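Student: See coords-v3.pdb below, with PDB, C-alpha atoms.
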```pdb
MODEL        1
ATOM      1  CA  MET H 439       0.000   0.000   0.000
ATOM      2  CA  ASP H 440       1.259   3.468  -0.852
ATOM      3  CA  GLU H 441       1.973   5.911   1.946
ATOM      4  CA  PRO H 442       0.045   9.170   1.348
ATOM      5  CA  VAL H 443       2.253  12.127   0.565
ATOM      6  CA  LYS H 444       1.182  15.560   1.667
ATOM      7  CA  ASP H 445       3.028  18.777   1.361
ATOM      8  CA  LYS H 446       2.069  22.421   1.487
ATOM      9  CA  LYS H 447       3.369  24.420  -1.415
ATOM     10  CA  ASN H 448       3.148  28.058  -2.415
ATOM     11  CA  THR H 449       3.212  29.538  -5.904
ATOM     12  CA  ASN H 450       3.351  32.963  -7.443
ATOM     13  CA  SER H 451       2.377  31.580 -10.852
ATOM     14  CA  MET H 452      -0.561  33.345 -12.458
ATOM     15  CA  CYS H 453      -1.646  29.938 -13.802
ATOM     16  CA  PHE H 454      -2.955  28.764 -10.450
ATOM     17  CA  THR H 455      -6.141  29.968  -8.774
ATOM     18  CA  LYS H 456      -4.945  29.101  -5.297
ATOM     19  CA  LYS H 457      -1.592  30.492  -4.239
ATOM     20  CA  THR H 458      -1.165  27.906  -1.458
ATOM     21  CA  SER H 459      -2.059  24.278  -1.934
ATOM     22  CA  CYS H 460      -1.971  21.338   0.437
ATOM     23  CA  VAL H 461      -3.228  18.001  -0.862
ATOM     24  CA  ARG H 462      -2.665  14.407   0.064
ATOM     25  CA  ARG H 463      -1.770  11.992  -2.701
ATOM     26  CA  ARG H 464      -0.582   8.418  -3.017
ATOM     27  CA  TYR H 465       2.280   7.241  -5.213
ATOM     28  CA  ARG H 466      -0.137   5.587  -7.631
ATOM     29  CA  GLU H 467      -1.936   8.932  -8.091
ATOM     30  CA  PHE H 468       1.369  10.583  -9.015
ATOM     31  CA  ALA H 469       2.003   7.746 -11.475
ATOM     32  CA  TRP H 470      -1.471   8.332 -12.940
ATOM     33  CA  LEU H 471      -0.766  12.073 -13.295
ATOM     34  CA  ARG H 472       2.569  11.458 -15.006
ATOM     35  CA  GLN H 473       0.948   9.124 -17.526
ATOM     36  CA  ARG H 474      -1.853  11.614 -18.301
ATOM     37  CA  LEU H 475       0.604  14.476 -18.704
ATOM     38  CA  GLN H 476       2.708  12.314 -21.024
ATOM     39  CA  ASP H 477      -0.386  11.340 -23.037
ATOM     40  CA  ASN H 478      -1.279  15.020 -23.424
ATOM     41  CA  ALA H 479       2.222  16.215 -24.312
ATOM     42  CA  VAL H 480       3.708  13.374 -26.335
ATOM     43  CA  LEU H 481       6.570  15.445 -27.758
ATOM     44  CA  ILE H 482       7.813  16.495 -24.323
ATOM     45  CA  SER H 483      10.101  14.391 -22.211
ATOM     46  CA  LEU H 484       8.743  14.474 -18.680
ATOM     47  CA  PRO H 485      11.050  14.676 -15.659
ATOM     48  CA  GLU H 486      12.296  11.549 -13.946
ATOM     49  CA  PHE H 487       9.859   9.859 -11.614
ATOM     50  CA  PRO H 488      10.940   7.942  -8.512
ATOM     51  CA  SER H 489      10.687   4.252  -9.268
ATOM     52  CA  LYS H 490       8.420   1.982  -7.301
ATOM     53  CA  ASN H 491      10.685   0.290  -4.765
ATOM     54  CA  PRO H 492       9.583  -3.329  -4.132
ATOM     55  CA  PHE H 493      11.149  -3.105  -0.671
ATOM     56  CA  PHE H 494       9.388   0.162   0.240
ATOM     57  CA  SER H 495       8.027   0.230   3.770
ATOM     58  CA  ALA H 496       5.633   2.914   5.007
ATOM     59  CA  ASN H 497       7.039   2.184   8.474
ATOM     60  CA  ASN H 498      10.529   3.189   7.354
ATOM     61  CA  GLY H 499      10.830   6.956   7.729
ATOM     62  CA  GLN H 500      13.816   7.097   5.400
ATOM     63  CA  HIS H 501      11.888   5.319   2.620
ATOM     64  CA  VAL H 502       8.919   7.655   3.057
ATOM     65  CA  GLU H 503      11.116  10.770   3.020
ATOM     66  CA  GLN H 504      13.084   9.640  -0.056
ATOM     67  CA  ARG H 505       9.855   8.978  -1.945
ATOM     68  CA  ARG H 506       8.346  12.287  -0.826
ATOM     69  CA  GLN H 507      11.427  14.171  -1.979
ATOM     70  CA  GLY H 508      11.453  12.362  -5.326
ATOM     71  CA  LEU H 509       7.798  13.151  -5.937
ATOM     72  CA  GLN H 510       8.293  16.766  -4.874
ATOM     73  CA  GLU H 511      11.234  17.140  -7.286
ATOM     74  CA  PHE H 512       9.119  15.599 -10.044
ATOM     75  CA  LEU H 513       6.330  18.137  -9.454
ATOM     76  CA  GLU H 514       8.721  21.072  -9.249
ATOM     77  CA  LYS H 515      10.211  20.110 -12.622
ATOM     78  CA  VAL H 516       6.762  19.560 -14.167
ATOM     79  CA  LEU H 517       5.702  23.032 -13.063
ATOM     80  CA  LYS H 518       8.617  24.531 -14.991
ATOM     81  CA  ILE H 519       7.303  23.124 -18.290
ATOM     82  CA  ASN H 520       4.973  25.854 -19.524
ATOM     83  CA  ILE H 521       2.900  23.709 -21.861
ATOM     84  CA  LEU H 522       1.926  21.396 -18.980
ATOM     85  CA  LEU H 523       0.524  24.337 -17.014
ATOM     86  CA  SER H 524      -2.475  24.372 -19.354
ATOM     87  CA  ASP H 525      -3.483  20.825 -18.377
ATOM     88  CA  SER H 526      -6.553  21.081 -16.149
ATOM     89  CA  ARG H 527      -5.807  17.654 -14.659
ATOM     90  CA  LEU H 528      -2.582  19.071 -13.207
ATOM     91  CA  HIS H 529      -4.532  21.912 -11.602
ATOM     92  CA  LEU H 530      -7.139  19.558 -10.177
ATOM     93  CA  PHE H 531      -4.429  17.200  -8.911
ATOM     94  CA  LEU H 532      -2.610  19.987  -7.081
ATOM     95  CA  GLN H 533      -5.536  22.078  -5.900
ATOM     96  CA  THR H 534      -8.298  19.603  -5.000
ATOM     97  CA  GLN H 535      -8.712  16.269  -3.268
ATOM     98  CA  LEU H 536     -10.551  14.746  -6.224
ATOM     99  CA  ASP H 537      -9.435  11.229  -7.039
ATOM    100  CA  PRO H 538      -8.100  10.442 -10.535
ATOM    101  CA  MET H 539     -11.477   9.242 -11.842
ATOM    102  CA  GLU H 540     -13.150  12.444 -10.633
ATOM    103  CA  ILE H 541     -10.324  14.532 -12.093
ATOM    104  CA  GLU H 542     -10.782  12.855 -15.492
ATOM    105  CA  ALA H 543     -14.532  13.389 -15.377
ATOM    106  CA  CYS H 544     -14.192  17.046 -14.401
ATOM    107  CA  ALA H 545     -11.432  17.780 -16.918
ATOM    108  CA  SER H 546     -13.480  16.253 -19.736
ATOM    109  CA  GLY H 547     -16.639  18.198 -18.819
ATOM    110  CA  GLN H 548     -18.583  15.186 -17.511
ATOM    111  CA  THR H 549     -19.418  16.735 -14.127
ATOM    112  CA  GLU H 550     -21.922  19.338 -13.008
ATOM    113  CA  TYR H 551     -19.017  21.492 -11.845
ATOM    114  CA  THR H 552     -16.164  23.099 -13.744
ATOM    115  CA  VAL H 553     -12.451  22.906 -12.955
ATOM    116  CA  ALA H 554     -12.675  26.381 -11.386
ATOM    117  CA  ASP H 555     -15.693  25.275  -9.299
ATOM    118  CA  ALA H 556     -13.783  22.221  -8.032
ATOM    119  CA  VAL H 557     -10.741  24.299  -7.061
ATOM    120  CA  HIS H 558     -12.934  26.897  -5.355
ATOM    121  CA  ARG H 559     -14.914  24.204  -3.513
ATOM    122  CA  HIS H 560     -11.688  22.681  -2.176
ATOM    123  CA  ALA H 561     -10.340  26.106  -1.186
ATOM    124  CA  THR H 562     -13.435  26.845   0.885
ATOM    125  CA  SER H 563     -13.799  23.362   2.374
ATOM    126  CA  THR H 564     -13.505  23.106   6.151
ATOM    127  CA  ARG H 565     -11.988  19.605   5.964
ATOM    128  CA  ARG H 566      -8.288  19.476   5.198
ATOM    129  CA  PHE H 567      -8.218  15.897   3.990
ATOM    130  CA  PRO H 568     -10.894  13.364   3.078
ATOM    131  CA  VAL H 569     -11.609  10.442   5.335
ATOM    132  CA  GLU H 570      -9.649   7.471   4.056
ATOM    133  CA  GLU H 571     -11.272   4.130   3.554
ATOM    134  CA  ALA H 572      -9.863   1.250   5.572
TER     135      ALA H 572
ENDMDL
END
```
Output the structure of this file as structure tokens.
Tutor:
Amino acid sequence: MDEPVKDKKNTNSMCFTKKTSCVRRRYREFAWLRQRLQDNAVLISLPEFPSKNPFFSANNGQHVEQRRQGLQEFLEKVLKINILLSDSRLHLFLQTQLDPMEIEACASGQTEYTVADAVHRHATSTRRFPVEEA
């Protein structure tokens, strides 16, 4: 099972509605995002992604920190690629707690709410993180 990664980040980029974002994501969600970004920008070589370690242990603080740092570096490099900043799935991933299926639905216009509505709803939510299923 993936250990959730959460980190609070600030931005001064005009591309983002929220200037501070704190979301909780699992490794598999980062892998999903990387694949969708690659599908959308086939001519761009995406930054390195930390490999899935078969010996990873969520109980090992060093493993968790190494993975967190690798995923953070991946995101920081992604955010420097201007063309990727137009991908609404990236915005939803970073600024909401929607799961990948909900992100896909929202980004493709299959929800009652827009991308901006989803970001605004998360920004005004009183709950920091969703309740996780056991």
Student: Give as a list in words the residues that the PyMOL selection byres ((chain H and resi 553-563) around 7) matches when applied to the coordinates above.
Tutor: Ser526, Leu530, Gln533, Thr534, Cys544, Ala545, Tyr551, Thr552, Thr564 and Arg565 of chain H
Student: May I ask which of the residues H:Arg464, H:Phe487, H:Gln548, H:Leu475 is the closest one to His529 of chain H, counting all atoms listed in the file?
Tutor: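 The closest residue to His529 of chain H is H:Leu475.
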Student: Between atom CA of Glu511 of chain H and atom CA of Leu528 of chain H, measure the distance and give it in Å to one decimal.
Tutor: 15.2 Å
Student: For atom CA of Pro485 of chain H and atom CA of Lys515 of chain H, determine how far apart the two atoms are, in Å to one decimal place.
Tutor: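 So the answer is 6.3 Å.
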Student: Report as a short mmCIF file (atom, residue, chain, number, x, y, z; two decimals) with C-alpha atoms, in the frame of the given file the residues that result from applying the PyMOL selection byres ((chain H and resi 500-509) around 12) to the structure here.
Tutor:
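The new file result-v9.cif reads:
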```cif
data_model
loop_
_atom_site.label_atom_id
_atom_site.label_comp_id
_atom_site.auth_asym_id
_atom_site.auth_seq_id
_atom_site.Cartn_x
_atom_site.Cartn_y
_atom_site.Cartn_z
CA ASP H 440 1.26 3.47 -0.85
CA GLU H 441 1.97 5.91 1.95
CA PRO H 442 0.04 9.17 1.35
CA VAL H 443 2.25 12.13 0.56
CA LYS H 444 1.18 15.56 1.67
CA ASP H 445 3.03 18.78 1.36
CA ARG H 462 -2.66 14.41 0.06
CA ARG H 463 -1.77 11.99 -2.70
CA ARG H 464 -0.58 8.42 -3.02
CA TYR H 465 2.28 7.24 -5.21
CA ARG H 466 -0.14 5.59 -7.63
CA GLU H 467 -1.94 8.93 -8.09
CA PHE H 468 1.37 10.58 -9.02
CA ALA H 469 2.00 7.75 -11.48
CA LEU H 471 -0.77 12.07 -13.30
CA ARG H 472 2.57 11.46 -15.01
CA PRO H 485 11.05 14.68 -15.66
CA GLU H 486 12.30 11.55 -13.95
CA PHE H 487 9.86 9.86 -11.61
CA PRO H 488 10.94 7.94 -8.51
CA SER H 489 10.69 4.25 -9.27
CA LYS H 490 8.42 1.98 -7.30
CA ASN H 491 10.68 0.29 -4.76
CA PRO H 492 9.58 -3.33 -4.13
CA PHE H 493 11.15 -3.10 -0.67
CA PHE H 494 9.39 0.16 0.24
CA SER H 495 8.03 0.23 3.77
CA ALA H 496 5.63 2.91 5.01
CA ASN H 497 7.04 2.18 8.47
CA ASN H 498 10.53 3.19 7.35
CA GLY H 499 10.83 6.96 7.73
CA GLN H 510 8.29 16.77 -4.87
CA GLU H 511 11.23 17.14 -7.29
CA PHE H 512 9.12 15.60 -10.04
CA LEU H 513 6.33 18.14 -9.45
CA GLU H 514 8.72 21.07 -9.25
CA LYS H 515 10.21 20.11 -12.62
CA VAL H 516 6.76 19.56 -14.17
#
```
Student: Interatomic distance between atom CA of Val461 of chain H and atom CA of Leu536 of chain H?
Tutor: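 Atom-to-atom, atom CA of Val461 of chain H to atom CA of Leu536 of chain H, that is 9.6 Å.
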Student: Using only C-alpha atoms, find the one residue out of H:Cys460, H:Leu532, H:Leu522, H:Ile541 that sits nearest to Leu484 of chain H.
Tutor: H:Leu522
